[in-house]
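Inspection log for the structure reproduced underneath, given as structure tokens.
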Amino acid sequence: MGAADVLRGNDIGTMVTAAPALYPHMWSWDAAFISIGLAHLGVERAGQEIRTLLAAQWADGMIPHIVYGDRGGYFPGPGRWGTAELSSAAPSAPLTSGICQPPVHAIAVGRILEVARRGSEADRLAGEQLVRDCWDSLYRWHAWLSEYRDPSGTGLIGVVHGWESGMDNSPRWDRPYSAVVPGPDLPSYVRLDRELVRDGAERPTDVEYDRYLWLIEEMRRASYDPAKVYDTCSFLVADVFVSAIFAVASDVLADLGSDFGAPASEVADLRMWAARSRAAVAASCSPETGLARDFDRRTNTWIDVETLAGFAPLISGGLSPDAERALLDELHGPRWAGHPSLVAKVPPTVSPDSEGFKSREYWRGPQWPVVSWLFGWAHARHGYAAESERLRAETLKLVGDGAFSEYYEPVTGEALGSRKQSWTAAVILDWLD
Ligand code: 9YW
């Protein structure tokens with residue numbers, strides 16, 4: 001089965017589910033990557049994916065992290081969130097979760113446009129129409145992040161749940177999560193993921209899940225009012241990887257805006273947000289390791305845990321040429337992507353040399369093809385063509401088993417998590433182009 005078949009197989013009409021069994025709904029950042037893959041099968045269908053996601057955008061501008069389709073099959077489902085009952089900003093159709101995910105959407109629209117412009121006249125027109133149709137919604141999304149997740153204008157965008165980072169159980173979050181203490185009134189629940197991924201070591205633990213769900217309770221109590229959530233939620237971390245994505249996606253959106261005649265003041269906002277976040281990501285780098293760091297806003301401390309997110313400045317740019325070269329060499333060097341024990345020379349989520357490295361455990365070590373694509377895209381954008389090509393070639397080697405897995409064991413190359421994961425198939429389609 002090829003990558004295109006995976007996407008077609010997971011397509012339930014207006015959405016391609018993130019995975020056939022484990023994730024039978026639409027996830028925000030997955031949808032963006034999936035739309036890039038879909039562009040290679042038809043620009044109209046790619047645009048449809050973005051439109052489905054944006055149709056679920058909240059009235060205040062937030063793009064929710066899950067848009068639920070008609071089927072159940074995932075916990076937590078819409079009932080656990082209760083967003084439509086509790087928040088006047090949330091849509092009641094479709095039902096959504098109450099948090100967000102990394103803002104990669106403008107990057108996706110930019111990439112779809114590139115693909116469209118190389119295709120037929122109809123493709124080109126469809127790509128350009130997509131930009132016109134979604135620019136304003138994407139601007140409002142970026143404005144929401146700036147207003148509600150960085151209210152003092154530091155440039156670092158806050159997340160109020162590890163799920164918002166997309167890297168759910170990364171060791172980056174261990175310390176902030178240790179301060180999340182589930183109350184005795186946490187409603188009971190049954191996990192469904194453990195039925196589908198039999199090896200418990202590949203998924204977050206039950207202790208982690210209790211905390212994930214307790215944060216939902218806290219947000220319910222704040223009625224998902226973004227200012228109240230920011231002030232009261234027991235987890236609030238300025239996320240350097242989300243901030244880097246926000247910076248570069250704001251650049252892309254600003255460029256699209258100037259090409260397509262968007263209001264000059266909005267384009268200027270985007271350029272200001274991009275510059276501010278780029279500078280803040282660069283300034284977060286540890287003087288010892290050179291890696292960028294998250295900042296725990298509840299305890300006002302830097303989080304000095306080394307993970308792949310520390311390479312965030314390679315996504316957003318803005319380091320001095322020497323510092324950038326050093327960080328690039330570190331990423332591709334023997335502690336990370338070039339580690340001698342790895343089957344494929346793509347970055348693991350945690351270095352095998354780190355204490356916290358767990359080779360099978362989700363965001364604590366495995367390699368995620370979609371993250372490699374993002375670094376490859378950023379390398380190409382910032383002029384590192386050879387490194388970009390290496391990530392492409394090495395990831396293709398990794399996924400040569402045809403499983404299109406969610407993540408891979410770095411030392412053995414074993415496929416882990418869900419099979420036929422849509423975003424894995426999507427980035428492979430883009431890379432095979
Ligand atoms: C979960 C869908 C999502 C991704 C996240 C990833 C995982 C959901 O799957 O979270 O239940 O664990 O961590 O980044 O969007 O692919």
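As shown in the structure tokens, the chain order sets the letters A, B, ...; within each chain, residues go from 1, and ligands are also counted from 1 in the order they appear.
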Residues of segment 264-383 of chain A classed as alpha helix (DSSP H) by DSSP on the backbone are to be reported as a ChimeraX atom specification. /A:264-283,313-316,321-332,369-381
Store the residues picked out above in a file with N, CA and C atoms, as a tab-separated table (two decimals), in the first residue's frame.
chain	number	residue	atom	x	y	z
A	264	ALA	N	-2.86	46.18	4.90
A	264	ALA	CA	-1.45	46.42	5.24
A	264	ALA	C	-1.22	46.36	6.75
A	265	SER	N	-2.19	46.81	7.53
A	265	SER	CA	-1.97	46.83	8.98
A	265	SER	C	-1.91	45.39	9.53
A	266	GLU	N	-2.66	44.49	8.92
A	266	GLU	CA	-2.64	43.10	9.39
A	266	GLU	C	-1.33	42.41	8.97
A	267	VAL	N	-0.88	42.73	7.77
A	267	VAL	CA	0.42	42.18	7.34
A	267	VAL	C	1.52	42.70	8.28
A	268	ALA	N	1.41	43.96	8.66
A	268	ALA	CA	2.41	44.55	9.57
A	268	ALA	C	2.34	43.87	10.95
A	269	ASP	N	1.13	43.57	11.42
A	269	ASP	CA	1.01	42.83	12.70
A	269	ASP	C	1.79	41.51	12.62
A	270	LEU	N	1.54	40.79	11.54
A	270	LEU	CA	2.18	39.48	11.38
A	270	LEU	C	3.70	39.61	11.38
A	271	ARG	N	4.18	40.63	10.67
A	271	ARG	CA	5.65	40.80	10.61
A	271	ARG	C	6.20	41.14	12.00
A	272	MET	N	5.44	41.91	12.76
A	272	MET	CA	5.89	42.26	14.11
A	272	MET	C	5.89	41.01	15.00
A	273	TRP	N	4.80	40.21	14.94
A	273	TRP	CA	4.74	38.99	15.77
A	273	TRP	C	5.88	38.05	15.39
A	274	ALA	N	6.14	37.93	14.09
A	274	ALA	CA	7.20	37.02	13.63
A	274	ALA	C	8.55	37.47	14.19
A	275	ALA	N	8.84	38.75	14.07
A	275	ALA	CA	10.14	39.26	14.53
A	275	ALA	C	10.28	39.08	16.04
A	276	ARG	N	9.20	39.38	16.75
A	276	ARG	CA	9.24	39.30	18.22
A	276	ARG	C	9.45	37.85	18.69
A	277	SER	N	8.70	36.93	18.08
A	277	SER	CA	8.83	35.53	18.50
A	277	SER	C	10.19	34.95	18.09
A	278	ARG	N	10.64	35.32	16.90
A	278	ARG	CA	11.96	34.83	16.45
A	278	ARG	C	13.05	35.26	17.44
A	279	ALA	N	12.98	36.52	17.85
A	279	ALA	CA	13.99	37.03	18.79
A	279	ALA	C	13.86	36.33	20.14
A	280	ALA	N	12.64	36.09	20.59
A	280	ALA	CA	12.44	35.46	21.90
A	280	ALA	C	12.93	34.01	21.89
A	281	VAL	N	12.70	33.31	20.79
A	281	VAL	CA	13.17	31.92	20.69
A	281	VAL	C	14.70	31.92	20.73
A	282	ALA	N	15.31	32.81	19.98
A	282	ALA	CA	16.78	32.88	19.96
A	282	ALA	C	17.31	33.22	21.36
A	283	ALA	N	16.62	34.12	22.04
A	283	ALA	CA	17.09	34.55	23.36
A	283	ALA	C	16.90	33.48	24.44
A	313	PRO	N	15.17	27.21	17.12
A	313	PRO	CA	15.67	28.34	16.31
A	313	PRO	C	15.96	27.94	14.85
A	314	LEU	N	16.14	26.65	14.60
A	314	LEU	CA	16.35	26.24	13.20
A	314	LEU	C	15.03	26.28	12.42
A	315	ILE	N	13.91	26.33	13.14
A	315	ILE	CA	12.61	26.50	12.48
A	315	ILE	C	12.37	27.98	12.22
A	316	SER	N	12.63	28.81	13.22
A	316	SER	CA	12.26	30.23	13.08
A	316	SER	C	13.37	31.11	12.55
A	321	PRO	N	24.92	33.86	12.34
A	321	PRO	CA	25.33	32.77	11.44
A	321	PRO	C	26.16	31.70	12.14
A	322	ASP	N	27.04	32.09	13.05
A	322	ASP	CA	27.87	31.10	13.74
A	322	ASP	C	27.04	30.21	14.66
A	323	ALA	N	26.15	30.84	15.41
A	323	ALA	CA	25.32	30.08	16.35
A	323	ALA	C	24.38	29.15	15.58
A	324	GLU	N	23.89	29.63	14.45
A	324	GLU	CA	22.98	28.80	13.65
A	324	GLU	C	23.71	27.58	13.11
A	325	ARG	N	24.93	27.81	12.61
A	325	ARG	CA	25.73	26.70	12.06
A	325	ARG	C	26.02	25.67	13.17
A	326	ALA	N	26.34	26.19	14.35
A	326	ALA	CA	26.66	25.28	15.46
A	326	ALA	C	25.44	24.44	15.84
A	327	LEU	N	24.28	25.07	15.85
A	327	LEU	CA	23.06	24.33	16.22
A	327	LEU	C	22.69	23.30	15.14
A	328	LEU	N	22.89	23.70	13.89
A	328	LEU	CA	22.62	22.79	12.78
A	328	LEU	C	23.56	21.57	12.85
A	329	ASP	N	24.83	21.84	13.14
A	329	ASP	CA	25.80	20.74	13.25
A	329	ASP	C	25.46	19.83	14.43
A	330	GLU	N	24.98	20.43	15.51
A	330	GLU	CA	24.58	19.64	16.67
A	330	GLU	C	23.39	18.73	16.29
A	331	LEU	N	22.41	19.29	15.60
A	331	LEU	CA	21.23	18.50	15.23
A	331	LEU	C	21.62	17.30	14.36
A	332	HIS	N	22.54	17.53	13.43
A	332	HIS	CA	22.91	16.44	12.51
A	332	HIS	C	24.12	15.64	13.01
A	369	PRO	N	8.32	10.97	11.66
A	369	PRO	CA	8.56	11.48	10.31
A	369	PRO	C	8.02	12.89	10.07
A	370	VAL	N	6.88	13.20	10.67
A	370	VAL	CA	6.29	14.53	10.42
A	370	VAL	C	7.19	15.64	10.98
A	371	VAL	N	7.85	15.37	12.09
A	371	VAL	CA	8.73	16.38	12.67
A	371	VAL	C	9.99	16.53	11.80
A	372	SER	N	10.45	15.41	11.26
A	372	SER	CA	11.59	15.49	10.35
A	372	SER	C	11.24	16.32	9.11
A	373	TRP	N	10.00	16.14	8.63
A	373	TRP	CA	9.57	16.94	7.47
A	373	TRP	C	9.64	18.43	7.82
A	374	LEU	N	9.16	18.77	9.01
A	374	LEU	CA	9.13	20.19	9.39
A	374	LEU	C	10.54	20.76	9.44
A	375	PHE	N	11.47	20.01	10.00
A	375	PHE	CA	12.86	20.48	10.00
A	375	PHE	C	13.40	20.55	8.56
A	376	GLY	N	13.04	19.57	7.75
A	376	GLY	CA	13.50	19.58	6.36
A	376	GLY	C	12.98	20.80	5.61
A	377	TRP	N	11.71	21.10	5.83
A	377	TRP	CA	11.10	22.27	5.19
A	377	TRP	C	11.83	23.54	5.65
A	378	ALA	N	12.07	23.64	6.96
A	378	ALA	CA	12.73	24.83	7.50
A	378	ALA	C	14.16	24.94	7.00
A	379	HIS	N	14.86	23.79	6.94
A	379	HIS	CA	16.24	23.82	6.41
A	379	HIS	C	16.23	24.38	4.99
A	380	ALA	N	15.32	23.90	4.17
A	380	ALA	CA	15.26	24.36	2.78
A	380	ALA	C	14.98	25.87	2.74
A	381	ARG	N	14.08	26.31	3.59
A	381	ARG	CA	13.71	27.73	3.62
A	381	ARG	C	14.89	28.62	4.04
Can you tell me, as a count of residues only, what residues are no more than 12 Å from Lys358 of chain A when counting only C-alpha atoms, ignoring any on the same chain fewer than 3 positions away? 27
Counting only C-alpha atoms, figure out which residue out of A:Arg71, A:Lys345, A:His161, A:Arg297 gets nearest to Glu387 of chain A. A:Lys345
Shell of 7 Å around ligand 1 (only C-alpha atoms and all ligand atoms), written as a ChimeraX atom specification: /A:18-19,23,27-30,163,166-168,193
Kindly save the residues from that selection, with N, CA and C atoms included, as a PDB file, in the first residue's frame.
ATOM      1  N   ALA A  18      -6.960  11.366  11.430  1.00  0.00           N
ATOM      2  CA  ALA A  18      -5.522  11.360  11.704  1.00  0.00           C
ATOM      3  C   ALA A  18      -4.941   9.952  11.597  1.00  0.00           C
ATOM      4  N   ALA A  19      -5.737   8.957  11.973  1.00  0.00           N
ATOM      5  CA  ALA A  19      -5.338   7.539  11.836  1.00  0.00           C
ATOM      6  C   ALA A  19      -6.630   6.723  11.805  1.00  0.00           C
ATOM      7  N   TYR A  23      -7.054   7.328  16.019  1.00  0.00           N
ATOM      8  CA  TYR A  23      -7.455   8.751  15.970  1.00  0.00           C
ATOM      9  C   TYR A  23      -8.509   8.982  14.876  1.00  0.00           C
ATOM     10  N   TRP A  27      -7.393  16.202  13.695  1.00  0.00           N
ATOM     11  CA  TRP A  27      -6.534  16.966  14.618  1.00  0.00           C
ATOM     12  C   TRP A  27      -5.998  18.172  13.863  1.00  0.00           C
ATOM     13  N   SER A  28      -5.860  19.282  14.596  1.00  0.00           N
ATOM     14  CA  SER A  28      -5.520  20.541  13.947  1.00  0.00           C
ATOM     15  C   SER A  28      -4.203  20.513  13.171  1.00  0.00           C
ATOM     16  N   TRP A  29      -3.109  20.144  13.867  1.00  0.00           N
ATOM     17  CA  TRP A  29      -1.843  20.231  13.104  1.00  0.00           C
ATOM     18  C   TRP A  29      -1.695  19.068  12.148  1.00  0.00           C
ATOM     19  N   ASP A  30      -2.321  17.936  12.474  1.00  0.00           N
ATOM     20  CA  ASP A  30      -2.352  16.836  11.500  1.00  0.00           C
ATOM     21  C   ASP A  30      -3.025  17.300  10.208  1.00  0.00           C
ATOM     22  N   TRP A 163      -0.854  18.655  25.519  1.00  0.00           N
ATOM     23  CA  TRP A 163      -1.431  18.327  24.214  1.00  0.00           C
ATOM     24  C   TRP A 163      -1.326  19.501  23.241  1.00  0.00           C
ATOM     25  N   GLY A 166       1.583  19.460  20.964  1.00  0.00           N
ATOM     26  CA  GLY A 166       1.656  18.372  19.989  1.00  0.00           C
ATOM     27  C   GLY A 166       2.585  17.258  20.439  1.00  0.00           C
ATOM     28  N   MET A 167       3.419  17.534  21.451  1.00  0.00           N
ATOM     29  CA  MET A 167       4.415  16.549  21.923  1.00  0.00           C
ATOM     30  C   MET A 167       4.005  16.111  23.326  1.00  0.00           C
ATOM     31  N   ASP A 168       2.876  15.453  23.392  1.00  0.00           N
ATOM     32  CA  ASP A 168       2.119  15.241  24.626  1.00  0.00           C
ATOM     33  C   ASP A 168       2.926  14.912  25.878  1.00  0.00           C
ATOM     34  N   ASP A 193      -7.153   4.251  24.082  1.00  0.00           N
ATOM     35  CA  ASP A 193      -5.907   4.069  23.328  1.00  0.00           C
ATOM     36  C   ASP A 193      -5.197   2.777  23.713  1.00  0.00           C
TER      37      ASP A 193
END
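For Gln48 of chain A, the set of protein, DNA and RNA residues having any atom at most 9 Å away, when counting only C-alpha atoms and skipping those fewer than 3 positions along the same chain, is Thr14, Met15, Ser35, Val43, Glu44, Arg45, Arg51, Thr52, Leu53 and Leu130 of chain A.
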Pull N, CA and C atoms from the residues just selected and write them as a short mmCIF file (atom, residue, chain, number, x, y, z; two decimals), in the first residue's frame.
data_model
loop_
_atom_site.label_atom_id
_atom_site.label_comp_id
_atom_site.auth_asym_id
_atom_site.auth_seq_id
_atom_site.Cartn_x
_atom_site.Cartn_y
_atom_site.Cartn_z
N THR A 14 -15.25 14.86 4.12
CA THR A 14 -14.69 16.20 4.24
C THR A 14 -13.46 16.23 5.13
N MET A 15 -13.16 15.12 5.78
CA MET A 15 -11.93 15.07 6.57
C MET A 15 -11.21 13.74 6.39
N SER A 35 -3.14 18.11 4.54
CA SER A 35 -3.55 18.89 3.36
C SER A 35 -2.38 19.06 2.39
N VAL A 43 -5.64 19.56 -5.70
CA VAL A 43 -5.58 20.79 -4.91
C VAL A 43 -6.94 21.10 -4.28
N GLU A 44 -8.02 20.79 -4.99
CA GLU A 44 -9.36 21.03 -4.44
C GLU A 44 -9.55 20.29 -3.12
N ARG A 45 -9.17 19.02 -3.11
CA ARG A 45 -9.36 18.21 -1.91
C ARG A 45 -8.48 18.71 -0.76
N ARG A 51 -10.54 23.93 4.76
CA ARG A 51 -11.86 24.57 4.98
C ARG A 51 -12.63 23.85 6.08
N THR A 52 -12.54 22.52 6.11
CA THR A 52 -13.23 21.77 7.18
C THR A 52 -12.70 22.20 8.54
N LEU A 53 -11.38 22.31 8.64
CA LEU A 53 -10.78 22.72 9.91
C LEU A 53 -11.24 24.13 10.28
N LEU A 130 -7.91 29.32 -2.49
CA LEU A 130 -7.77 28.87 -1.10
C LEU A 130 -7.10 29.96 -0.25
#
